[in-house]
Amino acid sequence: MAIKGSVISDKNAKNIDDKTLYVQQGDNLEGIRVVFKEKHAYSIDDAVEINIYNTTLSKANGELALTDVPNEQAKKIDLEKIAPQITSLAYLEANKDKLDGSLVTINAGMLISSTNNLNGDILLKDISGDIEVDIKTDASFAKVEAPKDFIDLTGILRVIDGKMSIAPRNLADFNALQFVTDDFTTWEFPNVHLSGLQSELFTSIANWYGDRRYGAIKQLADKNDANFTQANKLYPYIPTDSMYSSLGVNNNNKLSLKGVKVIKVTFAGSQAIGYTEFSEISRTDGLIRVNVLPFTTNVDEIKVGLALPISTEGEKDEWGLTTPFGQNKNYLIAASEAYKENGKFFTATFLIPTTLEDIRALGIESENASQWFENPIIEIINLSSRKTSGISTSRDDRHIPILIDKVEFGF
Amino acid sequence: MMRLEKVFLIILSIILLFSFKKNENGPIIPPEVAPLDQIAISEVKRKFLDNAI
């Protein structure tokens with residue numbers, strides 16, 4: 001009996017010993033660790049046939065492998081490149097027995113290295129958890145500095161005693177995300193308004209929208225924000241934390257959100273104070289009046305969140321009420337940390353679900369969740385809150401307006 | 001001459017006898033010569049998990 005497949009490990013980059021390789025049967029098919037008796041000569045992408053007669057299949061050191069393979073029982077038959085299965089940690093954890101020994105790409109992860117280089121203890125964190133990154137000390141890329149921003153990491157999934165790790169093959173397996181930035185300096189003013197309640201915030205990068213009664217709207221910076229903003233720049237403001245108030249963007253002909261993995265939002269708490277009117281510059285019928293109380297530094301909290309509107313199946317919400325079937329429900333996927341200073345820009349980073357398992361891991365049960373990937377909608381919401389004692393949470397007291405400086409989309 | 005031929009035949013018989021004896025355990029077929037049945041890697045792993053291999 002023989003197995004056939006392509007070599008997915010790279011002996012030249014030395015993140016694997018010279019007697020061992022991983023072979024995968026094909027794209028989205030299974031792979032396995034193979035340990036020869038002697039040093040082997042097979043390179044990445046070599047298609048091989050391995051006679052498994054007289055070999056041992058065991059959990060060597062906790063990892064399933066074909067061991068003691070006589071070198072003469074293998075031969076190269078062709079060349080075939082395997083495409084990695086693009087996935088997330090939640091998906092891998094749910095399917096680790098099947099994917100053990102195969103090539104995978106984990107979307108949008110951040111490396112945390114104990115040495116700042118690609119050696120030592122390294123963890124990759126993504127939206128749904130973290131995984132150990134296996135890099136041998138004598139790997140050709142072990143002395144390279146670890147990437148500091150988000151990457152898609154490709155490697156061989158290893159399951160050792162039930163615990164997952166990923167072994168990148170070479171430096172080409174570390175791929176930085178590509179970012180598209182909307183800094184809200186390229187406003188467009190379409191002649192056609194959106195439906196009555198919406199405010200349009202169109203730029204050359206994306207078609208954003210808000211709600212003219214609650215925000216977001218675009219306007220010049222409030223006079224009290226002049227010390228940290230640009231003159232003559234129109235900023236999106238989200239004056240309230242109403243459930244109707246958000247800066248939303250959908251999949252549109254300017255910016256395809258399909259496949260977005262990371263969103264960075266640079267925002268600040270406004271220094272507006274007292275009775276303040278926020279007004280969408282392209283409409284004459286939209287005024288949002290807020291009585292803004294003084295901000296207490298180090299007490300009150302500036303915070304943004306990211307919500308995914310997903311149509312419901314009529315499931316019960318947290319108060320036991322049934323959301324009407326088909327109506328969009330805003331699922332909050334993450335909140336930034338709370339900043340206790342206004343008048344200063346901070347950047348919050350959000351990881352976006354890329355698989356249905358990611359959505360489920362966030363506690364979103366709607367059966368319609370998978371439709372979101374076809375037509376992604378993302379809403380930035382104002383979650384700021386007053387913590388000053390004596391201030392109620394009534395609608396007039398609680399609002400802390402925020403403004404957005406830029407949004408970066410990582411793909 | 002006849003005697004020499006007999007000796008030669010005896011020696012040849014002994015050699016043949018020993019060579020057949022050597023193969024008493026069955027023919028050793030090099031793995032690469034035998035036609036190999038293909039088995040899917042998934043099947044190999046499943047059999048291991050089922051303790052069938």
# chains A, B, ... in the order shown; residues from 1 in each chain; ligands from 1
>>> interface_residues(of="chain B", to="chain A", cutoff="6 Å", atoms="only C-alpha atoms", output="ChimeraX atom specification")
/B:36-39,42
>>> residues_around(residues="Leu287 of chain A", least_positions_apart="3", cutoff="10 Å", atoms="only C-alpha atoms", output="PyMOL selection string")
chain A and resi 212-215+217+276-281+283-284+290
>>> atom_distance(atom1="atom CA of Glu63 of chain A", atom2="atom CA of Ala83 of chain A")
22.9 Å
>>> residues_around(residues="segment 166-176 of chain A", least_positions_apart="3", cutoff="6 Å", atoms="only C-alpha atoms", output="list of chain:residue names")
A:Ser9, A:Asp10, A:Ala13, A:Val133, A:Asp134, A:Ile151, A:Asp152, A:Leu153, A:Thr154, A:Gly155, A:Ile156, A:Leu157, A:Arg158
>>> write_last_selection(atoms="C-alpha atoms", output="mmCIF file, in the first residue's frame")
data_model
loop_
_atom_site.group_PDB
_atom_site.id
_atom_site.type_symbol
_atom_site.label_atom_id
_atom_site.label_comp_id
_atom_site.auth_asym_id
_atom_site.auth_seq_id
_atom_site.Cartn_x
_atom_site.Cartn_y
_atom_site.Cartn_z
ATOM 1 C CA SER A 9 7.367 21.144 4.285
ATOM 2 C CA ASP A 10 10.515 22.997 3.250
ATOM 3 C CA ALA A 13 14.518 26.609 5.384
ATOM 4 C CA VAL A 133 4.116 29.018 16.587
ATOM 5 C CA ASP A 134 6.812 26.340 16.135
ATOM 6 C CA ILE A 151 -0.309 38.973 9.270
ATOM 7 C CA ASP A 152 -1.881 36.017 7.584
ATOM 8 C CA LEU A 153 0.294 33.130 8.715
ATOM 9 C CA THR A 154 0.656 29.968 6.650
ATOM 10 C CA GLY A 155 2.125 26.820 8.089
ATOM 11 C CA ILE A 156 1.675 23.175 8.872
ATOM 12 C CA LEU A 157 -0.879 22.449 11.560
ATOM 13 C CA ARG A 158 0.573 20.116 14.176
#
>>> residues_around(residues="segment 358-367 of chain A", least_positions_apart="2", cutoff="7 Å", atoms="only C-alpha atoms", output="JSON, numbers by chain")
{"A": [90, 128, 312, 313, 333, 353, 354, 355, 356, 369]}
>>> write_last_selection(atoms="N, CA and C atoms", output="PDB file, in the first residue's frame")
ATOM      1  N   ALA A  90     -10.716  29.160  15.553  1.00  0.00           N
ATOM      2  CA  ALA A  90     -11.947  28.488  15.999  1.00  0.00           C
ATOM      3  C   ALA A  90     -12.261  27.315  15.074  1.00  0.00           C
ATOM      4  N   SER A 128     -10.294  34.445  17.524  1.00  0.00           N
ATOM      5  CA  SER A 128     -10.940  33.427  18.345  1.00  0.00           C
ATOM      6  C   SER A 128     -10.013  32.753  19.346  1.00  0.00           C
ATOM      7  N   THR A 312     -32.210  38.494  11.736  1.00  0.00           N
ATOM      8  CA  THR A 312     -32.505  37.499  12.762  1.00  0.00           C
ATOM      9  C   THR A 312     -33.432  36.415  12.224  1.00  0.00           C
ATOM     10  N   GLU A 313     -33.565  35.390  12.988  1.00  0.00           N
ATOM     11  CA  GLU A 313     -34.537  34.334  12.676  1.00  0.00           C
ATOM     12  C   GLU A 313     -35.688  34.411  13.656  1.00  0.00           C
ATOM     13  N   ILE A 333     -19.700  43.085  18.214  1.00  0.00           N
ATOM     14  CA  ILE A 333     -18.659  42.050  18.211  1.00  0.00           C
ATOM     15  C   ILE A 333     -17.500  42.403  19.121  1.00  0.00           C
ATOM     16  N   PRO A 353     -14.762  38.755  12.066  1.00  0.00           N
ATOM     17  CA  PRO A 353     -14.918  37.314  11.820  1.00  0.00           C
ATOM     18  C   PRO A 353     -14.690  36.987  10.348  1.00  0.00           C
ATOM     19  N   THR A 354     -13.973  35.909  10.093  1.00  0.00           N
ATOM     20  CA  THR A 354     -13.761  35.493   8.703  1.00  0.00           C
ATOM     21  C   THR A 354     -14.346  34.111   8.421  1.00  0.00           C
ATOM     22  N   THR A 355     -14.808  33.430   9.459  1.00  0.00           N
ATOM     23  CA  THR A 355     -15.474  32.133   9.237  1.00  0.00           C
ATOM     24  C   THR A 355     -16.740  32.090  10.098  1.00  0.00           C
ATOM     25  N   LEU A 356     -17.621  31.185   9.737  1.00  0.00           N
ATOM     26  CA  LEU A 356     -18.849  31.016  10.513  1.00  0.00           C
ATOM     27  C   LEU A 356     -18.517  30.617  11.958  1.00  0.00           C
ATOM     28  N   ALA A 369     -26.274  34.083   9.829  1.00  0.00           N
ATOM     29  CA  ALA A 369     -24.956  34.688  10.003  1.00  0.00           C
ATOM     30  C   ALA A 369     -24.072  34.496   8.775  1.00  0.00           C
TER      31      ALA A 369
END
>>> residues_around(residues="segment 301-310 of chain A", least_positions_apart="5", cutoff="6 Å", atoms="only C-alpha atoms", output="PyMOL selection string")
chain A and resi 269+328-336+338-340+378-385
>>> closest_residue(among="A:Pro70, A:Gly101, A:Pro239, A:Gly343", to="Arg33 of chain A", atoms="only C-alpha atoms")
A:Gly101
>>> atom_distance(atom1="atom CA of Lys96 of chain A", atom2="atom CA of Asp161 of chain A")
11.6 Å
>>> closest_residue(among="A:Phe295, A:Ile77, A:Asn107, A:Ser245", to="Phe411 of chain A", atoms="only C-alpha atoms")
A:Asn107
>>> atom_distance(atom1="atom CA of Phe150 of chain A", atom2="atom CA of Phe409 of chain A")
11.5 Å
